[in-house]
file input_27.txt (compact mmCIF, N, CA and C atoms)
# COMPACT_ATOMS: atom_id res chain seq x y z
N MET A 9 0.86 -1.17 0.00
CA MET A 9 0.00 0.00 0.00
C MET A 9 0.90 1.24 0.00
N PRO A 10 0.87 1.99 -1.07
CA PRO A 10 1.72 3.18 -1.10
C PRO A 10 1.22 4.27 -0.16
N LEU A 11 2.15 4.96 0.46
CA LEU A 11 1.83 6.09 1.33
C LEU A 11 2.20 7.38 0.61
N SER A 12 1.55 8.46 0.99
CA SER A 12 1.98 9.76 0.47
C SER A 12 3.36 10.05 1.07
N SER A 13 4.13 10.89 0.39
CA SER A 13 5.47 11.19 0.91
C SER A 13 5.39 11.84 2.28
N ARG A 14 4.38 12.67 2.51
CA ARG A 14 4.22 13.33 3.81
C ARG A 14 3.95 12.31 4.92
N ARG A 15 3.08 11.34 4.63
CA ARG A 15 2.76 10.33 5.64
C ARG A 15 3.95 9.40 5.88
N LEU A 16 4.69 9.08 4.83
CA LEU A 16 5.87 8.23 4.98
C LEU A 16 6.92 8.90 5.86
N ILE A 17 7.12 10.20 5.67
CA ILE A 17 8.07 10.93 6.52
C ILE A 17 7.60 10.94 7.97
N ALA A 18 6.30 11.17 8.18
CA ALA A 18 5.75 11.22 9.54
C ALA A 18 5.88 9.86 10.25
N ARG A 19 5.62 8.77 9.53
CA ARG A 19 5.68 7.44 10.14
C ARG A 19 7.10 6.90 10.24
N GLY A 20 7.92 7.25 9.27
CA GLY A 20 9.28 6.75 9.27
C GLY A 20 9.46 5.47 8.50
N ASN A 21 8.39 4.77 8.21
CA ASN A 21 8.45 3.56 7.38
C ASN A 21 7.06 3.23 6.86
N ASN A 22 7.02 2.32 5.91
CA ASN A 22 5.75 1.85 5.37
C ASN A 22 5.52 0.44 5.93
N GLN A 23 4.58 0.33 6.84
CA GLN A 23 4.33 -0.94 7.51
C GLN A 23 3.91 -2.03 6.52
N ALA A 24 3.16 -1.66 5.49
CA ALA A 24 2.73 -2.65 4.50
C ALA A 24 3.93 -3.21 3.73
N TRP A 25 4.91 -2.34 3.41
CA TRP A 25 6.11 -2.81 2.72
C TRP A 25 6.91 -3.74 3.62
N ALA A 26 6.93 -3.47 4.91
CA ALA A 26 7.64 -4.33 5.86
C ALA A 26 7.05 -5.74 5.87
N ILE A 27 5.79 -5.85 5.53
CA ILE A 27 5.12 -7.16 5.42
C ILE A 27 5.30 -7.72 4.01
N ALA A 28 5.15 -6.87 3.00
CA ALA A 28 5.16 -7.31 1.60
C ALA A 28 6.50 -7.89 1.17
N HIS A 29 7.58 -7.27 1.57
CA HIS A 29 8.90 -7.72 1.11
C HIS A 29 9.20 -9.16 1.53
N PRO A 30 9.10 -9.51 2.81
CA PRO A 30 9.36 -10.92 3.16
C PRO A 30 8.28 -11.88 2.63
N LEU A 31 7.04 -11.39 2.50
CA LEU A 31 5.98 -12.23 1.94
C LEU A 31 6.30 -12.59 0.49
N ALA A 32 6.75 -11.63 -0.29
CA ALA A 32 7.11 -11.89 -1.68
C ALA A 32 8.25 -12.90 -1.78
N ARG A 33 9.24 -12.74 -0.91
CA ARG A 33 10.35 -13.70 -0.89
C ARG A 33 9.83 -15.11 -0.61
N ARG A 34 8.95 -15.21 0.37
CA ARG A 34 8.39 -16.51 0.76
C ARG A 34 7.58 -17.14 -0.37
N LEU A 35 6.87 -16.29 -1.13
CA LEU A 35 6.05 -16.78 -2.24
C LEU A 35 6.83 -16.89 -3.55
N SER A 36 8.10 -16.50 -3.53
CA SER A 36 8.97 -16.51 -4.72
C SER A 36 8.39 -15.68 -5.86
N VAL A 37 7.93 -14.48 -5.50
CA VAL A 37 7.43 -13.54 -6.51
C VAL A 37 8.18 -12.23 -6.36
N THR A 38 8.07 -11.40 -7.37
CA THR A 38 8.75 -10.10 -7.36
C THR A 38 7.97 -9.10 -6.50
N ALA A 39 8.67 -8.40 -5.66
CA ALA A 39 8.06 -7.32 -4.87
C ALA A 39 8.55 -5.99 -5.45
N ASP A 40 7.63 -5.07 -5.63
CA ASP A 40 8.01 -3.78 -6.21
C ASP A 40 7.27 -2.67 -5.49
N ALA A 41 7.95 -2.01 -4.57
CA ALA A 41 7.33 -0.95 -3.78
C ALA A 41 7.03 0.29 -4.60
N SER A 42 7.58 0.38 -5.80
CA SER A 42 7.35 1.57 -6.62
C SER A 42 6.38 1.34 -7.77
N LEU A 43 5.73 0.19 -7.82
CA LEU A 43 4.76 -0.09 -8.89
C LEU A 43 3.56 0.85 -8.81
N MET A 44 3.18 1.21 -7.60
CA MET A 44 2.06 2.12 -7.39
C MET A 44 2.57 3.37 -6.70
N LEU A 45 1.94 4.47 -7.02
CA LEU A 45 2.29 5.75 -6.43
C LEU A 45 1.03 6.38 -5.84
N ARG A 46 1.15 6.89 -4.64
CA ARG A 46 0.04 7.64 -4.06
C ARG A 46 0.25 9.08 -4.48
N THR A 47 -0.62 9.58 -5.32
CA THR A 47 -0.45 10.90 -5.92
C THR A 47 -1.05 12.02 -5.09
N GLN A 48 -1.82 11.67 -4.08
CA GLN A 48 -2.48 12.67 -3.23
C GLN A 48 -2.24 12.35 -1.77
N HIS A 49 -2.01 13.38 -0.99
CA HIS A 49 -1.97 13.22 0.46
C HIS A 49 -3.42 13.37 0.93
N THR A 50 -4.02 12.27 1.33
CA THR A 50 -5.44 12.26 1.70
C THR A 50 -5.60 12.37 3.20
N ALA A 51 -6.79 12.76 3.61
CA ALA A 51 -7.12 12.80 5.04
C ALA A 51 -7.05 11.38 5.60
N PRO A 52 -6.72 11.22 6.88
CA PRO A 52 -6.72 9.88 7.48
C PRO A 52 -8.10 9.23 7.36
N GLN A 53 -8.14 8.00 6.89
CA GLN A 53 -9.40 7.28 6.69
C GLN A 53 -10.14 7.06 8.01
N SER A 54 -9.42 6.90 9.10
CA SER A 54 -10.04 6.57 10.38
C SER A 54 -11.02 7.62 10.87
N LYS A 55 -10.92 8.83 10.35
CA LYS A 55 -11.80 9.91 10.81
C LYS A 55 -13.03 10.09 9.92
N LEU A 56 -13.20 9.21 8.92
CA LEU A 56 -14.26 9.39 7.93
C LEU A 56 -15.27 8.24 7.93
N ASP A 57 -16.51 8.54 7.50
CA ASP A 57 -17.49 7.46 7.32
C ASP A 57 -17.21 6.76 5.98
N LEU A 58 -17.93 5.69 5.68
CA LEU A 58 -17.63 4.86 4.51
C LEU A 58 -17.69 5.65 3.21
N LYS A 59 -18.74 6.44 3.00
CA LYS A 59 -18.85 7.20 1.75
C LYS A 59 -17.70 8.19 1.60
N ALA A 60 -17.37 8.86 2.69
CA ALA A 60 -16.26 9.82 2.67
C ALA A 60 -14.94 9.11 2.44
N ARG A 61 -14.78 7.92 2.99
CA ARG A 61 -13.55 7.15 2.77
C ARG A 61 -13.38 6.82 1.30
N CYS A 62 -14.46 6.40 0.67
CA CYS A 62 -14.40 6.06 -0.75
C CYS A 62 -14.03 7.28 -1.60
N ARG A 63 -14.66 8.41 -1.33
CA ARG A 63 -14.35 9.65 -2.06
C ARG A 63 -12.91 10.09 -1.79
N ASN A 64 -12.47 9.93 -0.57
CA ASN A 64 -11.15 10.39 -0.14
C ASN A 64 -10.02 9.75 -0.95
N VAL A 65 -10.17 8.49 -1.29
CA VAL A 65 -9.08 7.76 -1.96
C VAL A 65 -9.39 7.37 -3.40
N ALA A 66 -10.53 7.77 -3.92
CA ALA A 66 -10.98 7.33 -5.25
C ALA A 66 -9.95 7.59 -6.35
N THR A 67 -9.25 8.70 -6.29
CA THR A 67 -8.28 9.04 -7.35
C THR A 67 -6.88 9.26 -6.77
N ALA A 68 -6.59 8.61 -5.67
CA ALA A 68 -5.33 8.85 -4.96
C ALA A 68 -4.14 8.06 -5.48
N PHE A 69 -4.36 7.12 -6.42
CA PHE A 69 -3.27 6.23 -6.83
C PHE A 69 -3.01 6.27 -8.32
N LYS A 70 -1.78 5.89 -8.67
CA LYS A 70 -1.36 5.83 -10.06
C LYS A 70 -0.44 4.62 -10.24
N VAL A 71 -0.62 3.90 -11.34
CA VAL A 71 0.27 2.79 -11.69
C VAL A 71 1.46 3.38 -12.43
N THR A 72 2.67 2.97 -12.05
CA THR A 72 3.87 3.56 -12.63
C THR A 72 4.49 2.74 -13.76
N ARG A 73 4.09 1.48 -13.90
CA ARG A 73 4.63 0.61 -14.95
C ARG A 73 3.52 -0.27 -15.51
N ALA A 74 3.80 -0.89 -16.62
CA ALA A 74 2.81 -1.74 -17.29
C ALA A 74 2.41 -2.93 -16.40
N VAL A 75 1.11 -3.13 -16.27
CA VAL A 75 0.59 -4.28 -15.53
C VAL A 75 -0.38 -5.10 -16.38
N ARG A 76 -0.54 -4.71 -17.66
CA ARG A 76 -1.49 -5.39 -18.54
C ARG A 76 -1.27 -6.89 -18.53
N GLY A 77 -2.36 -7.61 -18.22
CA GLY A 77 -2.33 -9.06 -18.23
C GLY A 77 -1.70 -9.70 -17.01
N LYS A 78 -1.22 -8.92 -16.07
CA LYS A 78 -0.52 -9.47 -14.90
C LYS A 78 -1.47 -9.68 -13.73
N HIS A 79 -1.03 -10.54 -12.83
CA HIS A 79 -1.71 -10.77 -11.55
C HIS A 79 -0.90 -9.97 -10.52
N VAL A 80 -1.52 -8.96 -9.92
CA VAL A 80 -0.84 -8.07 -8.99
C VAL A 80 -1.34 -8.32 -7.57
N GLY A 81 -0.42 -8.47 -6.65
CA GLY A 81 -0.76 -8.59 -5.24
C GLY A 81 -0.55 -7.26 -4.53
N VAL A 82 -1.49 -6.92 -3.68
CA VAL A 82 -1.43 -5.69 -2.89
C VAL A 82 -1.41 -6.08 -1.42
N VAL A 83 -0.49 -5.49 -0.66
CA VAL A 83 -0.39 -5.79 0.76
C VAL A 83 -0.76 -4.55 1.57
N ASP A 84 -1.61 -4.74 2.56
CA ASP A 84 -1.95 -3.66 3.49
C ASP A 84 -1.84 -4.22 4.90
N ASN A 85 -1.36 -3.39 5.81
CA ASN A 85 -1.18 -3.87 7.18
C ASN A 85 -2.50 -3.97 7.93
N VAL A 86 -3.43 -3.02 7.71
CA VAL A 86 -4.72 -3.04 8.40
C VAL A 86 -5.83 -2.66 7.43
N MET A 87 -6.90 -3.46 7.42
CA MET A 87 -8.07 -3.12 6.62
C MET A 87 -9.23 -2.81 7.55
N THR A 88 -9.85 -1.67 7.33
CA THR A 88 -11.03 -1.30 8.12
C THR A 88 -12.26 -1.44 7.24
N SER A 89 -12.48 -0.49 6.34
CA SER A 89 -13.66 -0.54 5.46
C SER A 89 -13.37 -1.20 4.13
N GLY A 90 -12.11 -1.23 3.72
CA GLY A 90 -11.74 -1.76 2.41
C GLY A 90 -11.74 -0.71 1.31
N ALA A 91 -12.08 0.54 1.65
CA ALA A 91 -12.16 1.60 0.64
C ALA A 91 -10.82 1.86 -0.04
N THR A 92 -9.74 1.88 0.72
CA THR A 92 -8.42 2.14 0.14
C THR A 92 -7.99 0.99 -0.75
N LEU A 93 -8.18 -0.23 -0.28
CA LEU A 93 -7.83 -1.39 -1.10
C LEU A 93 -8.67 -1.43 -2.37
N ASP A 94 -9.94 -1.08 -2.27
CA ASP A 94 -10.81 -1.05 -3.44
C ASP A 94 -10.33 -0.02 -4.46
N ALA A 95 -9.99 1.17 -4.00
CA ALA A 95 -9.52 2.22 -4.89
C ALA A 95 -8.21 1.81 -5.58
N LEU A 96 -7.33 1.20 -4.83
CA LEU A 96 -6.05 0.76 -5.39
C LEU A 96 -6.28 -0.36 -6.42
N ALA A 97 -7.11 -1.34 -6.07
CA ALA A 97 -7.40 -2.45 -6.99
C ALA A 97 -8.08 -1.95 -8.26
N ARG A 98 -8.99 -1.00 -8.15
CA ARG A 98 -9.65 -0.44 -9.33
C ARG A 98 -8.64 0.24 -10.24
N THR A 99 -7.72 0.98 -9.66
CA THR A 99 -6.69 1.66 -10.44
C THR A 99 -5.83 0.64 -11.19
N ILE A 100 -5.46 -0.43 -10.52
CA ILE A 100 -4.63 -1.47 -11.13
C ILE A 100 -5.40 -2.17 -12.25
N LYS A 101 -6.66 -2.49 -12.01
CA LYS A 101 -7.48 -3.16 -13.03
C LYS A 101 -7.70 -2.25 -14.24
N LEU A 102 -7.94 -0.96 -13.99
CA LEU A 102 -8.12 -0.02 -15.11
C LEU A 102 -6.85 0.10 -15.95
N ALA A 103 -5.71 -0.18 -15.35
CA ALA A 103 -4.44 -0.16 -16.08
C ALA A 103 -4.21 -1.46 -16.84
N GLY A 104 -5.15 -2.40 -16.73
CA GLY A 104 -5.08 -3.62 -17.52
C GLY A 104 -4.68 -4.89 -16.81
N ALA A 105 -4.51 -4.84 -15.50
CA ALA A 105 -4.14 -6.07 -14.79
C ALA A 105 -5.24 -7.12 -14.95
N ARG A 106 -4.83 -8.35 -15.08
CA ARG A 106 -5.77 -9.46 -15.22
C ARG A 106 -6.48 -9.76 -13.90
N ARG A 107 -5.70 -9.61 -12.80
CA ARG A 107 -6.25 -9.98 -11.49
C ARG A 107 -5.51 -9.20 -10.42
N VAL A 108 -6.22 -8.87 -9.33
CA VAL A 108 -5.62 -8.21 -8.17
C VAL A 108 -6.00 -9.02 -6.94
N THR A 109 -5.01 -9.38 -6.15
CA THR A 109 -5.24 -10.09 -4.90
C THR A 109 -4.76 -9.23 -3.75
N ASN A 110 -5.61 -9.05 -2.75
CA ASN A 110 -5.25 -8.27 -1.57
C ASN A 110 -4.78 -9.21 -0.46
N PHE A 111 -3.67 -8.85 0.15
CA PHE A 111 -3.14 -9.56 1.32
C PHE A 111 -3.23 -8.60 2.50
N ILE A 112 -3.94 -9.01 3.53
CA ILE A 112 -4.20 -8.15 4.68
C ILE A 112 -3.60 -8.80 5.92
N ALA A 113 -2.84 -8.03 6.70
CA ALA A 113 -2.28 -8.56 7.94
C ALA A 113 -3.32 -8.57 9.06
N LEU A 114 -4.05 -7.47 9.21
CA LEU A 114 -5.04 -7.35 10.28
C LEU A 114 -6.34 -6.76 9.75
N ARG A 115 -7.44 -7.18 10.33
CA ARG A 115 -8.76 -6.66 9.95
C ARG A 115 -9.40 -6.09 11.19
N THR A 116 -9.81 -4.82 11.15
CA THR A 116 -10.48 -4.25 12.31
C THR A 116 -11.89 -4.84 12.41
N PRO A 117 -12.41 -4.97 13.62
CA PRO A 117 -13.76 -5.52 13.77
C PRO A 117 -14.80 -4.58 13.19
N ARG A 118 -15.85 -5.16 12.65
CA ARG A 118 -16.95 -4.36 12.12
C ARG A 118 -17.87 -3.98 13.27
N ASP A 119 -18.47 -2.80 13.13
CA ASP A 119 -19.40 -2.34 14.18
C ASP A 119 -20.70 -3.11 14.15

call {"tool": "encode", "arguments": {"input": "input_27.txt", "output": "structure tokens"}}
result
Amino acid sequence: MPLSSRRLIARGNNQAWAIAHPLARRLSVTADASLMLRTQHTAPQSKLDLKARCRNVATAFKVTRAVRGKHVGVVDNVMTSGATLDALARTIKLAGARRVTNFIALRTPRD
């Protein structure tokens, strides 16, 4: 899951990449932290309702290289509503990916 540069500086690392890199090694697949770019610094999702979350990240991502016909895996450390993963997967599919699989480390409980 790509972070905005501002959020990456504030956190000091990308937790999803810390999971994705060893996972890719274990699965014997290529890991590429720069395949996706977060083009917008968005408001924190935790402070928004579902509709606002979807709007917040709808156009926040960009594919940086060809993915046409590929199966792309996306790793996120925590999934709450799924809005961010959905926006990222839609962006990847619109770029021509054959399939997108989400790998989630933790899932917050639903209300």

call {"tool": "atom_distance", "arguments": {"input": "input_27.txt", "atom1": "atom CA of A:Asn85", "atom2": "atom CA of A:Leu35"}}
result
17.5 Å

call {"tool": "residues_around", "arguments": {"input": "input_27.txt", "residues": "stretch 44-46 of chain A", "least_positions_apart": "3", "cutoff": "8 Å", "atoms": "all atoms listed in the file", "output": "JSON, numbers by chain"}}
result
{"A": [9, 10, 11, 12, 13, 40, 41, 49, 50, 67, 68, 69, 70, 71, 72, 73]}

call {"tool": "write_last_selection", "arguments": {"input": "input_27.txt", "atoms": "N, CA and C atoms", "output": "PDB file, keeping the file's coordinate frame"}}
result
ATOM      1  N   MET A   9       0.860  -1.170   0.000  1.00  0.00           N
ATOM      2  CA  MET A   9       0.000   0.000   0.000  1.00  0.00           C
ATOM      3  C   MET A   9       0.900   1.240   0.000  1.00  0.00           C
ATOM      4  N   PRO A  10       0.870   1.990  -1.070  1.00  0.00           N
ATOM      5  CA  PRO A  10       1.720   3.180  -1.100  1.00  0.00           C
ATOM      6  C   PRO A  10       1.220   4.270  -0.160  1.00  0.00           C
ATOM      7  N   LEU A  11       2.150   4.960   0.460  1.00  0.00           N
ATOM      8  CA  LEU A  11       1.830   6.090   1.330  1.00  0.00           C
ATOM      9  C   LEU A  11       2.200   7.380   0.610  1.00  0.00           C
ATOM     10  N   SER A  12       1.550   8.460   0.990  1.00  0.00           N
ATOM     11  CA  SER A  12       1.980   9.760   0.470  1.00  0.00           C
ATOM     12  C   SER A  12       3.360  10.050   1.070  1.00  0.00           C
ATOM     13  N   SER A  13       4.130  10.890   0.390  1.00  0.00           N
ATOM     14  CA  SER A  13       5.470  11.190   0.910  1.00  0.00           C
ATOM     15  C   SER A  13       5.390  11.840   2.280  1.00  0.00           C
ATOM     16  N   ASP A  40       7.630  -5.070  -5.630  1.00  0.00           N
ATOM     17  CA  ASP A  40       8.010  -3.780  -6.210  1.00  0.00           C
ATOM     18  C   ASP A  40       7.270  -2.670  -5.490  1.00  0.00           C
ATOM     19  N   ALA A  41       7.950  -2.010  -4.570  1.00  0.00           N
ATOM     20  CA  ALA A  41       7.330  -0.950  -3.780  1.00  0.00           C
ATOM     21  C   ALA A  41       7.030   0.290  -4.600  1.00  0.00           C
ATOM     22  N   HIS A  49      -2.010  13.380  -0.990  1.00  0.00           N
ATOM     23  CA  HIS A  49      -1.970  13.220   0.460  1.00  0.00           C
ATOM     24  C   HIS A  49      -3.420  13.370   0.930  1.00  0.00           C
ATOM     25  N   THR A  50      -4.020  12.270   1.330  1.00  0.00           N
ATOM     26  CA  THR A  50      -5.440  12.260   1.700  1.00  0.00           C
ATOM     27  C   THR A  50      -5.600  12.370   3.200  1.00  0.00           C
ATOM     28  N   THR A  67      -9.250   8.700  -6.290  1.00  0.00           N
ATOM     29  CA  THR A  67      -8.280   9.040  -7.350  1.00  0.00           C
ATOM     30  C   THR A  67      -6.880   9.260  -6.770  1.00  0.00           C
ATOM     31  N   ALA A  68      -6.590   8.610  -5.670  1.00  0.00           N
ATOM     32  CA  ALA A  68      -5.330   8.850  -4.960  1.00  0.00           C
ATOM     33  C   ALA A  68      -4.140   8.060  -5.480  1.00  0.00           C
ATOM     34  N   PHE A  69      -4.360   7.120  -6.420  1.00  0.00           N
ATOM     35  CA  PHE A  69      -3.270   6.230  -6.830  1.00  0.00           C
ATOM     36  C   PHE A  69      -3.010   6.270  -8.320  1.00  0.00           C
ATOM     37  N   LYS A  70      -1.780   5.890  -8.670  1.00  0.00           N
ATOM     38  CA  LYS A  70      -1.360   5.830 -10.060  1.00  0.00           C
ATOM     39  C   LYS A  70      -0.440   4.620 -10.240  1.00  0.00           C
ATOM     40  N   VAL A  71      -0.620   3.900 -11.340  1.00  0.00           N
ATOM     41  CA  VAL A  71       0.270   2.790 -11.690  1.00  0.00           C
ATOM     42  C   VAL A  71       1.460   3.380 -12.430  1.00  0.00           C
ATOM     43  N   THR A  72       2.670   2.970 -12.050  1.00  0.00           N
ATOM     44  CA  THR A  72       3.870   3.560 -12.630  1.00  0.00           C
ATOM     45  C   THR A  72       4.490   2.740 -13.760  1.00  0.00           C
ATOM     46  N   ARG A  73       4.090   1.480 -13.900  1.00  0.00           N
ATOM     47  CA  ARG A  73       4.630   0.610 -14.950  1.00  0.00           C
ATOM     48  C   ARG A  73       3.520  -0.270 -15.510  1.00  0.00           C
TER      49      ARG A  73
END

call {"tool": "residues_around", "arguments": {"input": "input_27.txt", "residues": "A:Thr88", "least_positions_apart": "3", "cutoff": "9 Å", "atoms": "only C-alpha atoms", "output": "PyMOL selection string"}}
result
chain A and resi 53-54+91+114-118

call {"tool": "atom_distance", "arguments": {"input": "input_27.txt", "atom1": "atom CA of A:Leu43", "atom2": "atom C of A:Ala74"}}
result
8.4 Å

call {"tool": "axis_aligned_box", "arguments": {"input": "input_27.txt", "around": "stretch 9-13 of chain A", "padding_each_side": "3 Å", "output": "AutoDock Vina command-line options"}}
result
--center_x 2.7 --center_y 5.3 --center_z 0.6 --size_x 11.5 --size_y 19.0 --size_z 9.4

call {"tool": "atom_distance", "arguments": {"input": "input_27.txt", "atom1": "atom CA of A:Ala113", "atom2": "atom CA of A:Asn64"}}
result
22.4 Å

call {"tool": "residues_around", "arguments": {"input": "input_27.txt", "residues": "A:Val83", "least_positions_apart": "6", "cutoff": "8 Å", "atoms": "only C-alpha atoms", "output": "CSV table (one decimal) with N, CA and C atoms, keeping the file's coordinate frame"}}
result
chain,number,residue,atom,x,y,z
A,9,MET,N,0.9,-1.2,0.0
A,9,MET,CA,0.0,0.0,0.0
A,9,MET,C,0.9,1.2,0.0
A,24,ALA,N,3.2,-1.7,5.5
A,24,ALA,CA,2.7,-2.6,4.5
A,24,ALA,C,3.9,-3.2,3.7
A,25,TRP,N,4.9,-2.3,3.4
A,25,TRP,CA,6.1,-2.8,2.7
A,25,TRP,C,6.9,-3.7,3.6
A,27,ILE,N,5.8,-5.8,5.5
A,27,ILE,CA,5.1,-7.2,5.4
A,27,ILE,C,5.3,-7.7,4.0
A,28,ALA,N,5.2,-6.9,3.0
A,28,ALA,CA,5.2,-7.3,1.6
A,28,ALA,C,6.5,-7.9,1.2
A,110,ASN,N,-5.6,-9.0,-2.8
A,110,ASN,CA,-5.2,-8.3,-1.6
A,110,ASN,C,-4.8,-9.2,-0.5
A,111,PHE,N,-3.7,-8.8,0.2
A,111,PHE,CA,-3.1,-9.6,1.3
A,111,PHE,C,-3.2,-8.6,2.5
A,112,ILE,N,-3.9,-9.0,3.5
A,112,ILE,CA,-4.2,-8.2,4.7
A,112,ILE,C,-3.6,-8.8,5.9
A,113,ALA,N,-2.8,-8.0,6.7
A,113,ALA,CA,-2.3,-8.6,7.9
A,113,ALA,C,-3.3,-8.6,9.1

call {"tool": "select_by_dssp", "arguments": {"input": "input_27.txt", "residues": "chain A", "states": "strand (DSSP E or B)", "output": "PyMOL selection string"}}
result
chain A and resi 44-46+69-71+79-87+107-115

call {"tool": "write_last_selection", "arguments": {"input": "input_27.txt", "atoms": "N, CA and C atoms", "output": "PDB file, keeping the file's coordinate frame"}}
result
ATOM      1  N   MET A  44       3.180   1.210  -7.600  1.00  0.00           N
ATOM      2  CA  MET A  44       2.060   2.120  -7.390  1.00  0.00           C
ATOM      3  C   MET A  44       2.570   3.370  -6.700  1.00  0.00           C
ATOM      4  N   LEU A  45       1.940   4.470  -7.020  1.00  0.00           N
ATOM      5  CA  LEU A  45       2.290   5.750  -6.430  1.00  0.00           C
ATOM      6  C   LEU A  45       1.030   6.380  -5.840  1.00  0.00           C
ATOM      7  N   ARG A  46       1.150   6.890  -4.640  1.00  0.00           N
ATOM      8  CA  ARG A  46       0.040   7.640  -4.060  1.00  0.00           C
ATOM      9  C   ARG A  46       0.250   9.080  -4.480  1.00  0.00           C
ATOM     10  N   PHE A  69      -4.360   7.120  -6.420  1.00  0.00           N
ATOM     11  CA  PHE A  69      -3.270   6.230  -6.830  1.00  0.00           C
ATOM     12  C   PHE A  69      -3.010   6.270  -8.320  1.00  0.00           C
ATOM     13  N   LYS A  70      -1.780   5.890  -8.670  1.00  0.00           N
ATOM     14  CA  LYS A  70      -1.360   5.830 -10.060  1.00  0.00           C
ATOM     15  C   LYS A  70      -0.440   4.620 -10.240  1.00  0.00           C
ATOM     16  N   VAL A  71      -0.620   3.900 -11.340  1.00  0.00           N
ATOM     17  CA  VAL A  71       0.270   2.790 -11.690  1.00  0.00           C
ATOM     18  C   VAL A  71       1.460   3.380 -12.430  1.00  0.00           C
ATOM     19  N   HIS A  79      -1.030 -10.540 -12.830  1.00  0.00           N
ATOM     20  CA  HIS A  79      -1.710 -10.770 -11.550  1.00  0.00           C
ATOM     21  C   HIS A  79      -0.900  -9.970 -10.520  1.00  0.00           C
ATOM     22  N   VAL A  80      -1.520  -8.960  -9.920  1.00  0.00           N
ATOM     23  CA  VAL A  80      -0.840  -8.070  -8.990  1.00  0.00           C
ATOM     24  C   VAL A  80      -1.340  -8.320  -7.570  1.00  0.00           C
ATOM     25  N   GLY A  81      -0.420  -8.470  -6.650  1.00  0.00           N
ATOM     26  CA  GLY A  81      -0.760  -8.590  -5.240  1.00  0.00           C
ATOM     27  C   GLY A  81      -0.550  -7.260  -4.530  1.00  0.00           C
ATOM     28  N   VAL A  82      -1.490  -6.920  -3.680  1.00  0.00           N
ATOM     29  CA  VAL A  82      -1.430  -5.690  -2.890  1.00  0.00           C
ATOM     30  C   VAL A  82      -1.410  -6.080  -1.420  1.00  0.00           C
ATOM     31  N   VAL A  83      -0.490  -5.490  -0.660  1.00  0.00           N
ATOM     32  CA  VAL A  83      -0.390  -5.790   0.760  1.00  0.00           C
ATOM     33  C   VAL A  83      -0.760  -4.550   1.570  1.00  0.00           C
ATOM     34  N   ASP A  84      -1.610  -4.740   2.560  1.00  0.00           N
ATOM     35  CA  ASP A  84      -1.950  -3.660   3.490  1.00  0.00           C
ATOM     36  C   ASP A  84      -1.840  -4.220   4.900  1.00  0.00           C
ATOM     37  N   ASN A  85      -1.360  -3.390   5.810  1.00  0.00           N
ATOM     38  CA  ASN A  85      -1.180  -3.870   7.180  1.00  0.00           C
ATOM     39  C   ASN A  85      -2.500  -3.970   7.930  1.00  0.00           C
ATOM     40  N   VAL A  86      -3.430  -3.020   7.710  1.00  0.00           N
ATOM     41  CA  VAL A  86      -4.720  -3.040   8.400  1.00  0.00           C
ATOM     42  C   VAL A  86      -5.830  -2.660   7.430  1.00  0.00           C
ATOM     43  N   MET A  87      -6.900  -3.460   7.420  1.00  0.00           N
ATOM     44  CA  MET A  87      -8.070  -3.120   6.620  1.00  0.00           C
ATOM     45  C   MET A  87      -9.230  -2.810   7.550  1.00  0.00           C
ATOM     46  N   ARG A 107      -5.700  -9.610 -12.800  1.00  0.00           N
ATOM     47  CA  ARG A 107      -6.250  -9.980 -11.490  1.00  0.00           C
ATOM     48  C   ARG A 107      -5.510  -9.200 -10.420  1.00  0.00           C
ATOM     49  N   VAL A 108      -6.220  -8.870  -9.330  1.00  0.00           N
ATOM     50  CA  VAL A 108      -5.620  -8.210  -8.170  1.00  0.00           C
ATOM     51  C   VAL A 108      -6.000  -9.020  -6.940  1.00  0.00           C
ATOM     52  N   THR A 109      -5.010  -9.380  -6.150  1.00  0.00           N
ATOM     53  CA  THR A 109      -5.240 -10.090  -4.900  1.00  0.00           C
ATOM     54  C   THR A 109      -4.760  -9.230  -3.750  1.00  0.00           C
ATOM     55  N   ASN A 110      -5.610  -9.050  -2.750  1.00  0.00           N
ATOM     56  CA  ASN A 110      -5.250  -8.270  -1.570  1.00  0.00           C
ATOM     57  C   ASN A 110      -4.780  -9.210  -0.460  1.00  0.00           C
ATOM     58  N   PHE A 111      -3.670  -8.850   0.150  1.00  0.00           N
ATOM     59  CA  PHE A 111      -3.140  -9.560   1.320  1.00  0.00           C
ATOM     60  C   PHE A 111      -3.230  -8.600   2.500  1.00  0.00           C
ATOM     61  N   ILE A 112      -3.940  -9.010   3.530  1.00  0.00           N
ATOM     62  CA  ILE A 112      -4.200  -8.150   4.680  1.00  0.00           C
ATOM     63  C   ILE A 112      -3.600  -8.800   5.920  1.00  0.00           C
ATOM     64  N   ALA A 113      -2.840  -8.030   6.700  1.00  0.00           N
ATOM     65  CA  ALA A 113      -2.280  -8.560   7.940  1.00  0.00           C
ATOM     66  C   ALA A 113      -3.320  -8.570   9.060  1.00  0.00           C
ATOM     67  N   LEU A 114      -4.050  -7.470   9.210  1.00  0.00           N
ATOM     68  CA  LEU A 114      -5.040  -7.350  10.280  1.00  0.00           C
ATOM     69  C   LEU A 114      -6.340  -6.760   9.750  1.00  0.00           C
ATOM     70  N   ARG A 115      -7.440  -7.180  10.330  1.00  0.00           N
ATOM     71  CA  ARG A 115      -8.760  -6.660   9.950  1.00  0.00           C
ATOM     72  C   ARG A 115      -9.400  -6.090  11.190  1.00  0.00           C
TER      73      ARG A 115
END
